[in-house]
Every structure is written in C-alpha cells, then in structure tokens.
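Trainee: Dumping the structure here so I can ask a few things about it.
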Amino acid sequence: MNAAAPSQTAAGFAYTAGAYLLWGVLPAYFILVEPTGPVEIVAWRIVLSLVFCAILIAVTRSWARFFALWRQGRIVGWLALASALLTVNWTTFVWAVVNDHVVEAALGYFINPIVTVLLGVLVLRERLRVLQWVAVGISLVAVLVLAIGYGSFPWVALLLAFSFGFYGLVKNRTGGRVDAISGLTIETVILTPVAAGALVWIAATSGLVMGTQGVWHSVALSLAGVVTAVPLLLFAAGARRLPLSMVGLMQYLAPILQFITGAVILAEPMPPARWAGFAIVWVALVVLTVDMVRHTRKTRRGVPDPVDAVPDLT
C-alpha cells in the first residue's frame, strides 16, 4: 500500500491537471466552432455528451449500475437539479466566450471557491474560520470595485460562480452513491429532450450552423461531447486519488489560463478598475489558500480547530 501511494498521487495529479488544463483552453474550442451560436453549441454538447457517455457505459459494461441509479427517484431528482444548473453554467460560459467576455468568465471561476465557502455557511450551516470570513469579505469588496469602477455589474462572473457553486453543492448531496459516468449520463438523459427541442427550433428559424461551414467545422462541432465529458471524467478520476487540499489548490489553473486567453491572446480591454478588481480577488484567494493549507496541516497533526470544537446548537 505504501509503495502504491506515490503512484496513486502521481496519477491523481496527472488526471486533475489534465482536467483543469482542458477547461482552461476551452474558450479556444468555442472560438474554433464560430459562427455557431451559444444555444446551438450547448445543445450539441448535451446530445453528443449523451452519445459519448453511452459508449463509455457500453465499453465498461456499466448498464446495470446506471439503471440501478435511474430507479432511485431521490438521486434522479438531485441530478435533474444538477443538470439544470449545468445548463445555466454552460450557456453563460459559451455566451461569454463568443461575445468577448472571456476575462469576466475567468473572474467567475476565480470567485467560485469563495462562493463554495459561502454556500457552506448559508445552506449547510457550516462554521467559517476567521481567515475564511476575511476571504469572503475581500471578495465582496472586489465585486463592488468591479461594479462601480468598471461601470457595469459583473453578472456573467457571478452567474458562472453561483451556478457552478450550487452544482457542486448538489453533487455533494449525492455523495459517493453516484459514479462519474452514470451521473453525467443521467444528467444528459434528462437534458437531451430540451436540447433536441432547441436544435429543432433553431433549424426551423435561423437554421443550424452544423454542416454549413465546411468539413473541418462540422468535425470540430461533432467533438462537443468528447470536449465536454473528458475533463469531467478526468476530474472525477483525479479527485478520488488526491487530498482535497491539493485539488483545491489546482483549481486555479483553469481560470488562470482563461484569463491569459482573454487578456493576452484575445486582447480584451483591461482598464485599471478591472485590474484592481482582479487584484482584490487574488488577495482573497491567497487568504483562502493559506487558511486551507494551515487547516490541513493541523488536521494531519491531530490538532483540533477552535471552530470545529464548538458544538452546533442550531
């Protein structure tokens, strides 16, 4: 077991890094499939993800596990809510990319860890440590700076942060009862009728872009399911092999790459107010990271945390 532990950690690091790298360069894919609109892209992502997941289930012979989960109404209900939140997140992100808001999308995923901590307090009634409260307060200042100084409310960033934050919360409620492939398959099964209806509506009105922009464009768009499912499955494989603290530290890789894509490659505007807002968010993330590392070390040494030691009287 001791000999296997380093190899498990190395594999987990590779899987998780691969997932975040793919999420980080995802804006490039949506730019590649232009002029396909956000709704059509998301619809193809859903339908083709279902096809890809079905192939994976067939290859791994996991149909029995899938149908066992499908018969559990409570779990399906949670996954239906997760699928709705995922649709909001995907649609907002694709809209942001094709409308030159990649930097604001990156901001959303920088804010996401703060939102996750806040949801733990508001929904799960968790108690925050002092530095966690400080990080939340700093992030609220950042949002105010961006809204006032930049002249517009960062709704894209907040919608991305909260939709993915609530998605993570819902997935947390399902716990270890749902494996990654079966869970994603059920979510896409639930969404596919809506996605198919959207494709029919687009075809009857403005017309589908799929098949009208050449062979390579069609090939790229047909890979939407693979592009969607692979990082999710890599993340699930990596998260099982790594300590949560390491996964938490690596999550900043994706928004860093997205920020570089928007600010450097796509040359989106970065006025002083936006730089100030990002700088404040990064300070909040440093505070949150320091707290997470300190708490992890204390836990490993068996030192009780003062917050954890207070009984919950609510």
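Every chain in the structure tokens takes a letter, A first, then B, and so on in the order presented; its residues are numbered from 1, and the ligands are numbered from 1 following the presented order.
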Quick one: residues within 7 Å of region 5-14 of chain A, only C-alpha atoms counted, chain neighbours fewer than 5 positions away excluded, as an MDAnalysis selection string?
Mentor: chainID A and resid 237:239 241:242
Trainee: How would the residues just picked look written out with N, CA and C atoms as an mmCIF file, in the first residue's frame?
Mentor:
data_model
loop_
_atom_site.group_PDB
_atom_site.id
_atom_site.type_symbol
_atom_site.label_atom_id
_atom_site.label_comp_id
_atom_site.auth_asym_id
_atom_site.auth_seq_id
_atom_site.Cartn_x
_atom_site.Cartn_y
_atom_site.Cartn_z
ATOM 1 N N ALA A 237 -11.700 11.137 -11.766
ATOM 2 C CA ALA A 237 -10.641 10.147 -11.518
ATOM 3 C C ALA A 237 -9.542 10.735 -10.642
ATOM 4 N N GLY A 238 -9.197 11.996 -10.879
ATOM 5 C CA GLY A 238 -8.139 12.626 -10.095
ATOM 6 C C GLY A 238 -8.554 12.928 -8.680
ATOM 7 N N ALA A 239 -9.783 13.392 -8.495
ATOM 8 C CA ALA A 239 -10.257 13.789 -7.167
ATOM 9 C C ALA A 239 -10.302 12.602 -6.203
ATOM 10 N N ARG A 241 -8.080 10.322 -6.037
ATOM 11 C CA ARG A 241 -6.712 9.907 -5.723
ATOM 12 C C ARG A 241 -5.904 10.963 -4.986
ATOM 13 N N LEU A 242 -6.431 12.180 -4.861
ATOM 14 C CA LEU A 242 -5.677 13.278 -4.263
ATOM 15 C C LEU A 242 -6.355 13.792 -3.008
#
Trainee: Residues at most 12 Å from region 255-263 of chain A, counting only C-alpha atoms, excluding those fewer than 2 positions away in the same chain, as a PDB file with C-alpha atoms, in the first residue's frame?
Mentor:
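Output contents, as saved in out_4.pdb:
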ATOM      1  CA  TYR A  20      -8.075  21.832 -15.456  1.00  0.00           C
ATOM      2  CA  LEU A  21      -5.829  22.329 -18.494  1.00  0.00           C
ATOM      3  CA  LEU A  22      -8.664  21.268 -20.799  1.00  0.00           C
ATOM      4  CA  TRP A  23     -11.108  23.577 -19.003  1.00  0.00           C
ATOM      5  CA  GLY A  24      -8.535  26.356 -19.236  1.00  0.00           C
ATOM      6  CA  VAL A  25      -8.232  26.145 -23.029  1.00  0.00           C
ATOM      7  CA  LEU A  26     -11.958  25.514 -23.566  1.00  0.00           C
ATOM      8  CA  PRO A  27     -12.564  29.104 -24.826  1.00  0.00           C
ATOM      9  CA  ALA A  28     -10.306  28.320 -27.798  1.00  0.00           C
ATOM     10  CA  TYR A  29     -12.648  25.475 -28.775  1.00  0.00           C
ATOM     11  CA  ILE A  31     -13.923  30.278 -30.833  1.00  0.00           C
ATOM     12  CA  PHE A  93     -19.829  30.436 -20.374  1.00  0.00           C
ATOM     13  CA  ALA A  96     -19.269  34.913 -22.626  1.00  0.00           C
ATOM     14  CA  VAL A  97     -16.659  33.407 -24.930  1.00  0.00           C
ATOM     15  CA  VAL A  98     -18.392  34.143 -28.230  1.00  0.00           C
ATOM     16  CA  ASN A  99     -19.234  37.689 -27.076  1.00  0.00           C
ATOM     17  CA  ASP A 100     -15.684  38.596 -25.978  1.00  0.00           C
ATOM     18  CA  HIS A 101     -16.193  38.248 -22.213  1.00  0.00           C
ATOM     19  CA  VAL A 102     -13.535  35.585 -21.569  1.00  0.00           C
ATOM     20  CA  VAL A 103     -11.849  37.688 -18.871  1.00  0.00           C
ATOM     21  CA  GLU A 104     -15.133  38.075 -16.998  1.00  0.00           C
ATOM     22  CA  ALA A 105     -15.733  34.331 -17.324  1.00  0.00           C
ATOM     23  CA  ALA A 106     -12.303  33.732 -15.784  1.00  0.00           C
ATOM     24  CA  LEU A 107     -13.275  36.049 -12.935  1.00  0.00           C
ATOM     25  CA  GLY A 108     -16.297  33.841 -12.285  1.00  0.00           C
ATOM     26  CA  TYR A 109     -14.133  30.781 -11.763  1.00  0.00           C
ATOM     27  CA  PHE A 110     -11.715  32.753  -9.575  1.00  0.00           C
ATOM     28  CA  ILE A 111     -14.703  33.731  -7.404  1.00  0.00           C
ATOM     29  CA  ASN A 112     -16.133  30.192  -7.378  1.00  0.00           C
ATOM     30  CA  PRO A 113     -14.084  28.919  -4.373  1.00  0.00           C
ATOM     31  CA  ALA A 157     -18.844  36.205 -13.483  1.00  0.00           C
ATOM     32  CA  LEU A 160     -20.892  31.363 -13.525  1.00  0.00           C
ATOM     33  CA  ALA A 161     -19.608  31.313  -9.947  1.00  0.00           C
ATOM     34  CA  MET A 250      -5.057  23.132  -8.565  1.00  0.00           C
ATOM     35  CA  GLN A 251      -8.498  24.566  -9.350  1.00  0.00           C
ATOM     36  CA  TYR A 252      -6.952  27.986 -10.053  1.00  0.00           C
ATOM     37  CA  LEU A 253      -5.174  26.586 -13.125  1.00  0.00           C
ATOM     38  CA  ILE A 265      -4.452  36.413 -26.766  1.00  0.00           C
ATOM     39  CA  LEU A 266      -7.865  37.993 -27.440  1.00  0.00           C
ATOM     40  CA  ALA A 267      -6.745  41.426 -26.138  1.00  0.00           C
ATOM     41  CA  GLU A 268      -9.967  42.118 -24.241  1.00  0.00           C
ATOM     42  CA  PRO A 269      -9.976  45.538 -22.506  1.00  0.00           C
ATOM     43  CA  MET A 270      -8.358  45.641 -19.055  1.00  0.00           C
ATOM     44  CA  PRO A 271      -8.921  49.148 -17.645  1.00  0.00           C
ATOM     45  CA  ARG A 274     -10.801  45.727 -13.801  1.00  0.00           C
ATOM     46  CA  TRP A 275      -7.163  45.144 -12.819  1.00  0.00           C
ATOM     47  CA  PHE A 278      -8.936  41.077 -10.138  1.00  0.00           C
ATOM     48  CA  TRP A 282      -6.482  37.251  -5.991  1.00  0.00           C
TER      49      TRP A 282
END
Trainee: Rank A:Gln72, A:Thr60, A:Ser163, A:Thr289 by their smallest atom-to-atom distance to Thr91 (chain A), using only C-alpha atoms, and report the top residue only.
Mentor: A:Ser163
Trainee: Residues within 10 Å of Val123 (chain A), please, as a list in words. Count only C-alpha atoms; anything in the same chain fewer than 5 positions from it doesn't count.
Mentor: Leu118, Phe166 and Leu169 of chain A
Trainee: Restricting the calculation to only C-alpha atoms, which member of A:Ala43, A:Ala276, A:Val76, A:Ala195 is positioned closest to Ile148 (chain A)?
Mentor: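 Ranked by minimum distance to Ile148 (chain A), first place goes to A:Ala276.
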Trainee: Under the rule that only C-alpha atoms are counted, which of A:Val215, A:Leu158, A:Val121, A:Ala82 is the nearest residue to Ser139 (chain A)?
Mentor: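 Distance minimum relative to Ser139 (chain A) lands on A:Leu158.
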Trainee: Can you list, as an NGL selection string, every protein, DNA or RNA residue that comes within 12 Å of Arg65 (chain A) when you count only C-alpha atoms, leaving out same-chain residues fewer than 5 positions away?
Mentor: :A and (57-58 or 60 or 70-72 or 177-183 or 185-186)
Trainee: Kindly save the residues from that selection, with C-alpha atoms included, as a PDB file, in the first residue's frame.
Mentor:
ATOM      1  CA  ILE A  57     -21.085   2.669 -20.344  1.00  0.00           C
ATOM      2  CA  ALA A  58     -21.281   0.042 -23.082  1.00  0.00           C
ATOM      3  CA  THR A  60     -17.211  -0.622 -19.372  1.00  0.00           C
ATOM      4  CA  TRP A  70     -32.080   5.524 -12.591  1.00  0.00           C
ATOM      5  CA  ARG A  71     -34.601   3.667 -10.413  1.00  0.00           C
ATOM      6  CA  GLN A  72     -33.698   5.784  -7.358  1.00  0.00           C
ATOM      7  CA  ARG A 177     -23.520   6.964  -4.368  1.00  0.00           C
ATOM      8  CA  VAL A 178     -23.173   8.163  -7.969  1.00  0.00           C
ATOM      9  CA  ASP A 179     -20.140   7.357 -10.102  1.00  0.00           C
ATOM     10  CA  ALA A 180     -18.930   9.949 -12.615  1.00  0.00           C
ATOM     11  CA  ILE A 181     -20.035   8.213 -15.824  1.00  0.00           C
ATOM     12  CA  SER A 182     -23.506   7.201 -14.598  1.00  0.00           C
ATOM     13  CA  GLY A 183     -24.111  10.624 -13.052  1.00  0.00           C
ATOM     14  CA  THR A 185     -25.214  10.107 -18.320  1.00  0.00           C
ATOM     15  CA  ILE A 186     -28.348  10.632 -16.220  1.00  0.00           C
TER      16      ILE A 186
END
Trainee: Could you tell me how far CA of Val134 (chain A) lies from CA of Leu285 (chain A), in Å and to one decimal?
Mentor: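 Rounded to one decimal, the two atoms are 10.3 Å apart.
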Trainee: Please return as an MDAnalysis selection string: the residues of region 121-207 of chain A that backbone DSSP assigns to helix (DSSP H, G or I).
Mentor: chainID A and resid 121:122 130:149 155:177 180:204
